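Below is the file start08.csv, which contains CSV, C-alpha atoms.
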```
chain,number,residue,atom,x,y,z
A,1,MET,CA,-266.3,11.9,-171.4
A,2,ASN,CA,-267.7,10.8,-174.8
A,3,LYS,CA,-269.8,7.8,-175.4
A,4,THR,CA,-267.1,5.7,-177.1
A,5,PHE,CA,-264.7,6.3,-174.2
A,6,LYS,CA,-267.4,5.2,-171.7
A,7,ILE,CA,-268.0,2.0,-173.7
A,8,ILE,CA,-264.3,1.2,-173.6
A,9,ILE,CA,-264.1,1.8,-169.9
A,10,ALA,CA,-267.1,-0.3,-169.3
A,11,SER,CA,-265.8,-3.1,-171.4
A,12,VAL,CA,-262.4,-3.1,-169.7
A,13,SER,CA,-264.1,-3.1,-166.3
A,14,VAL,CA,-266.2,-6.1,-167.3
A,15,LEU,CA,-263.1,-8.0,-168.5
A,16,VAL,CA,-261.2,-7.2,-165.3
A,17,ILE,CA,-264.2,-8.3,-163.1
A,18,SER,CA,-264.7,-11.5,-165.1
A,19,TYR,CA,-261.0,-12.4,-164.8
A,20,LEU,CA,-261.0,-11.7,-161.0
A,21,SER,CA,-264.2,-13.7,-160.6
A,22,TYR,CA,-262.7,-16.6,-162.5
A,23,PHE,CA,-259.4,-16.4,-160.5
A,24,PHE,CA,-261.1,-16.4,-157.1
A,25,TYR,CA,-263.6,-19.1,-158.1
A,26,GLY,CA,-260.7,-21.4,-158.9
A,27,VAL,CA,-258.9,-20.5,-155.6
A,28,ILE,CA,-262.0,-21.2,-153.6
A,29,ARG,CA,-263.1,-24.3,-155.4
A,30,TYR,CA,-259.8,-26.1,-156.0
A,31,SER,CA,-257.2,-24.9,-153.6
A,32,HIS,CA,-256.1,-26.8,-150.5
A,33,SER,CA,-256.5,-25.3,-147.0
A,34,SER,CA,-253.6,-25.2,-144.6
A,35,ASP,CA,-254.2,-27.1,-141.4
A,36,TRP,CA,-252.2,-27.9,-138.3
A,37,GLN,CA,-254.3,-30.6,-136.7
A,38,THR,CA,-255.3,-33.0,-139.5
A,39,TYR,CA,-251.9,-34.7,-139.6
A,40,LYS,CA,-252.7,-36.3,-136.2
A,41,GLN,CA,-255.2,-38.6,-138.0
A,42,TYR,CA,-252.4,-40.0,-140.0
A,43,MET,CA,-249.9,-40.8,-137.2
A,44,TRP,CA,-250.9,-44.5,-137.6
A,45,ILE,CA,-248.5,-44.6,-140.6
A,46,PHE,CA,-245.6,-44.7,-138.2
A,47,LYS,CA,-244.5,-47.6,-136.0
A,48,ASP,CA,-244.7,-46.9,-132.3
A,49,PHE,CA,-241.0,-46.6,-131.8
A,50,ALA,CA,-240.8,-43.9,-134.4
A,51,LYS,CA,-243.7,-41.7,-133.2
A,52,LYS,CA,-241.7,-40.3,-130.3
A,53,ASP,CA,-239.2,-38.8,-132.8
A,54,ILE,CA,-241.9,-36.9,-134.8
A,55,ASN,CA,-241.4,-33.2,-134.2
A,56,THR,CA,-245.0,-32.0,-134.1
A,57,ASN,CA,-244.0,-28.4,-134.1
A,58,PHE,CA,-243.2,-28.8,-137.8
A,59,CYS,CA,-246.1,-31.1,-138.9
A,60,PHE,CA,-248.9,-29.7,-141.1
A,61,SER,CA,-251.4,-30.6,-143.7
A,62,TYR,CA,-253.0,-29.3,-146.9
A,63,VAL,CA,-256.6,-30.4,-146.9
A,64,LYS,CA,-259.2,-30.8,-149.7
A,65,GLU,CA,-262.3,-32.9,-149.8
A,66,ARG,CA,-260.9,-35.7,-151.9
A,67,ASP,CA,-257.2,-35.6,-151.0
A,68,VAL,CA,-255.1,-34.7,-147.9
A,69,TYR,CA,-251.4,-33.9,-148.0
A,70,ASN,CA,-249.5,-34.3,-144.8
A,71,ASN,CA,-245.9,-33.4,-143.9
A,72,PHE,CA,-244.1,-34.9,-140.9
A,73,ASP,CA,-240.8,-33.9,-139.4
A,74,TYR,CA,-238.9,-37.0,-138.3
A,75,LYS,CA,-235.8,-36.5,-136.0
A,76,ASP,CA,-235.4,-33.0,-137.5
A,77,ILE,CA,-233.6,-34.7,-140.4
A,78,TYR,CA,-236.3,-36.3,-142.6
A,79,ASN,CA,-239.4,-35.0,-144.2
A,80,VAL,CA,-242.2,-37.6,-144.5
A,81,MET,CA,-244.9,-36.9,-147.0
A,82,VAL,CA,-248.1,-38.9,-146.7
A,83,TRP,CA,-250.6,-37.9,-149.4
A,84,GLU,CA,-254.0,-39.6,-149.4
A,85,PHE,CA,-256.1,-39.8,-152.6
A,86,LYS,CA,-259.5,-40.9,-151.6
A,87,ASP,CA,-260.9,-41.4,-155.1
A,88,LEU,CA,-258.4,-44.1,-155.7
A,89,GLY,CA,-259.7,-46.4,-152.9
A,90,ASN,CA,-260.7,-49.0,-155.5
A,91,ALA,CA,-257.6,-48.6,-157.7
A,92,GLU,CA,-255.4,-51.7,-158.3
A,93,LEU,CA,-251.9,-51.2,-157.0
A,94,LYS,CA,-250.4,-53.0,-159.9
A,95,LYS,CA,-251.8,-50.4,-162.3
A,96,SER,CA,-249.7,-47.7,-160.8
A,97,THR,CA,-246.5,-47.4,-162.8
A,98,ILE,CA,-243.1,-45.7,-162.2
A,99,LYS,CA,-241.4,-44.4,-165.4
A,100,GLN,CA,-237.9,-43.1,-165.7
A,101,ASN,CA,-236.2,-40.6,-168.1
A,102,VAL,CA,-239.4,-38.6,-168.8
A,103,ASN,CA,-239.0,-35.1,-170.2
A,104,LEU,CA,-240.9,-32.8,-167.8
A,105,GLU,CA,-239.4,-29.5,-168.9
A,106,ASP,CA,-242.5,-28.6,-170.8
A,107,VAL,CA,-245.1,-29.6,-168.2
A,108,LYS,CA,-247.3,-26.5,-167.6
A,109,PHE,CA,-250.8,-26.0,-166.3
A,110,GLU,CA,-253.2,-23.3,-167.4
A,111,SER,CA,-254.3,-22.8,-163.8
A,112,GLY,CA,-253.3,-24.3,-160.5
A,113,GLU,CA,-251.7,-23.8,-157.1
A,114,ILE,CA,-248.3,-24.3,-155.6
A,115,LEU,CA,-247.8,-26.0,-152.3
A,116,ASN,CA,-244.7,-25.5,-150.2
A,117,LYS,CA,-243.7,-22.5,-152.4
A,118,GLY,CA,-240.1,-21.6,-151.6
A,119,GLY,CA,-239.5,-24.8,-149.7
A,120,ASN,CA,-237.3,-27.8,-150.6
A,121,LEU,CA,-240.2,-29.6,-152.3
A,122,GLU,CA,-242.5,-27.5,-154.4
A,123,LEU,CA,-245.7,-29.1,-155.7
A,124,THR,CA,-247.5,-27.5,-158.6
A,125,ILE,CA,-251.1,-28.9,-158.7
A,126,LYS,CA,-253.5,-28.5,-161.6
A,127,TYR,CA,-256.8,-27.1,-160.6
A,128,GLY,CA,-259.4,-29.8,-160.8
A,129,PHE,CA,-256.9,-32.6,-161.1
A,130,VAL,CA,-258.4,-36.1,-161.7
A,131,PHE,CA,-257.1,-39.6,-160.8
A,132,ASN,CA,-259.9,-42.0,-161.6
A,133,SER,CA,-258.4,-45.5,-161.7
A,134,ALA,CA,-254.7,-45.1,-161.3
A,135,ILE,CA,-251.9,-42.7,-160.4
A,136,ASN,CA,-248.5,-43.0,-162.1
A,137,VAL,CA,-245.1,-41.4,-161.4
A,138,ASN,CA,-242.8,-40.0,-164.0
A,139,LEU,CA,-239.2,-39.2,-163.1
A,140,ASP,CA,-237.2,-36.7,-165.1
A,141,ASN,CA,-233.8,-37.4,-166.8
A,142,TYR,CA,-231.8,-36.4,-163.8
A,143,SER,CA,-233.6,-38.6,-161.2
A,144,LYS,CA,-232.1,-42.1,-160.5
A,145,ILE,CA,-233.7,-45.2,-159.1
A,146,GLU,CA,-231.1,-47.3,-157.1
A,147,ARG,CA,-233.4,-50.1,-155.8
A,148,THR,CA,-237.0,-51.1,-156.1
A,149,PHE,CA,-239.1,-53.1,-153.7
A,150,LYS,CA,-242.7,-54.2,-153.0
A,151,GLY,CA,-244.8,-55.8,-150.4
A,152,THR,CA,-248.4,-57.0,-150.1
A,153,ASN,CA,-249.9,-53.6,-150.2
A,154,TYR,CA,-247.1,-51.3,-151.3
A,155,LYS,CA,-244.4,-50.8,-154.0
A,156,GLY,CA,-241.8,-48.2,-154.6
A,157,PHE,CA,-238.2,-47.3,-154.9
A,158,TYR,CA,-235.2,-45.7,-153.3
A,159,GLY,CA,-233.0,-43.3,-155.1
A,160,SER,CA,-232.5,-39.6,-155.9
A,161,ILE,CA,-235.2,-37.3,-157.2
A,162,ASN,CA,-234.9,-34.0,-159.1
A,163,GLN,CA,-238.3,-33.6,-160.7
A,164,MET,CA,-241.3,-36.0,-161.0
A,165,SER,CA,-244.9,-35.7,-162.0
A,166,PHE,CA,-248.0,-37.6,-161.1
A,167,SER,CA,-250.1,-38.5,-164.1
A,168,ASN,CA,-253.5,-40.2,-164.4
A,169,GLU,CA,-254.5,-43.3,-166.2
A,170,LYS,CA,-254.6,-41.4,-169.5
A,171,GLY,CA,-251.0,-40.3,-169.1
A,172,GLU,CA,-252.0,-36.7,-168.4
A,173,HIS,CA,-249.8,-34.8,-166.0
A,174,GLN,CA,-251.8,-33.6,-163.0
A,175,ILE,CA,-249.1,-32.7,-160.4
A,176,LEU,CA,-245.5,-31.6,-160.8
A,177,SER,CA,-243.1,-32.2,-158.0
A,178,ASP,CA,-239.8,-30.2,-157.9
A,179,PHE,CA,-237.0,-30.5,-155.5
A,180,THR,CA,-235.6,-27.0,-155.6
A,181,LYS,CA,-232.2,-28.0,-154.2
A,182,ARG,CA,-232.0,-30.5,-157.1
A,183,LEU,CA,-231.1,-34.1,-156.6
A,184,THR,CA,-232.5,-35.3,-153.3
A,185,PRO,CA,-232.2,-38.7,-151.6
A,186,ALA,CA,-235.7,-40.1,-151.3
A,187,LEU,CA,-237.7,-43.2,-150.7
A,188,PHE,CA,-241.0,-43.3,-152.6
A,189,LEU,CA,-244.0,-45.6,-152.1
A,190,PHE,CA,-247.4,-46.3,-153.5
A,191,TYR,CA,-249.5,-47.7,-150.6
A,192,LYS,CA,-253.0,-49.0,-150.5
A,193,ALA,CA,-254.7,-49.6,-147.2
A,194,HIS,CA,-257.5,-48.4,-144.9
A,195,GLN,CA,-259.9,-48.3,-147.9
A,196,SER,CA,-257.8,-45.6,-149.6
A,197,PHE,CA,-254.7,-45.0,-151.6
A,198,TYR,CA,-251.5,-43.1,-150.5
A,199,VAL,CA,-248.4,-41.7,-151.9
A,200,ILE,CA,-245.6,-41.7,-149.3
A,201,MET,CA,-242.2,-40.2,-149.7
A,202,ILE,CA,-239.3,-39.8,-147.2
A,203,TYR,CA,-236.6,-37.4,-148.2
A,204,SER,CA,-233.7,-35.6,-146.6
A,205,LYS,CA,-230.8,-33.4,-147.7
A,206,ASN,CA,-228.5,-35.9,-145.9
A,207,PRO,CA,-227.7,-39.3,-147.4
A,208,PHE,CA,-229.6,-42.3,-146.1
A,209,ASP,CA,-230.7,-45.7,-147.3
A,210,GLU,CA,-233.8,-47.7,-147.8
A,211,ASN,CA,-233.8,-49.0,-144.3
A,212,ILE,CA,-235.7,-45.9,-143.3
A,213,ILE,CA,-238.8,-47.8,-144.5
A,214,LYS,CA,-238.7,-49.6,-141.2
A,215,ILE,CA,-240.3,-46.5,-139.4
A,216,LEU,CA,-243.5,-47.0,-141.4
A,217,ASN,CA,-246.4,-49.2,-140.4
A,218,LEU,CA,-247.3,-50.8,-143.8
A,219,GLU,CA,-249.4,-53.7,-142.6
```
Before we go any further, please render this structure as structure tokens.
Amino acid sequence: MNKTFKIIIASVSVLVISYLSYFFYGVIRYSHSSDWQTYKQYMWIFKDFAKKDINTNFCFSYVKERDVYNNFDYKDIYNVMVWEFKDLGNAELKKSTIKQNVNLEDVKFESGEILNKGGNLELTIKYGFVFNSAINVNLDNYSKIERTFKGTNYKGFYGSINQMSFSNEKGEHQILSDFTKRLTPALFLFYKAHQSFYVIMIYSKNPFDENIIKILNLE
């Protein structure tokens, strides 16, 4: 083996090791951890009459230090997503916006993770995503809002969702949400309480209306 060939092999090895180190560093630092107990800390979001219809066999969480994603199975019909963003505890609810007819086809992240891969709702999350003072929702051209509503500490809409993104106060996309079965009936909420900020979504493959909000404890 001549000297030139050895140098080439060494250089390639360094590049491969560097890439793998970068990849695993991102996974370890930024990825969420699967958990089957944390969701219990968020059961307060349901009114007492609804808690008995939560199928705990299909509840789970994805946990990171500054955000916690929870999925609840309600009556084996509805999925209830409760996603806490701790860094937005001081954010003003009125600054969170909902935009329609946004082109999301070109939204790509250099590096990130996918939650619920292969499921009805896939979430592509940018590594190191940042929401400092607001979180905004952008609905694609196929998604439709049928009704909007708001309360003292929440606001949102009922409609059908295909794709949507969560962007920060600068308008930079941080999370891409994709319903793999296409248009899906959904109720979506921004909710601020308990010294924190939450994104809540109830969705199902079966038609339903906005009265589903009554299962939530939004006081």
- Interatomic distance, CA of Ser143 in chain A to CA of Met164 in chain A (Å, one decimal): 8.1 Å
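Shortest atom-to-atom contact with Ser160 in chain A among A:Glu210, A:Tyr127, A:Gln195, A:Gly118: A:Glu210, counting all atoms listed in the file.
Distances here use only C-alpha atoms; by that measure, the residue among A:Asn103, A:Ser167, A:Ser111, A:Asn116 closest to Asn136 in chain A is A:Ser167.
For the point (-263.9, -43.1, -159.6), the residues with an atom at a distance of at most 9 Å are Asp87, Leu88, Gly89, Asn90, Ala91, Phe131, Asn132 and Ser133 of chain A, counting all atoms listed in the file.
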- Would you work out the distance separating CA of Thr180 in chain A from CA of Lys205 in chain A, expressed in Å to one decimal? 11.2 Å
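The smallest atom-to-atom distance between Lys47 in chain A and any of A:Asp209, A:Glu219, A:Asp76, A:Asp140, using only C-alpha atoms, is found for A:Glu219.
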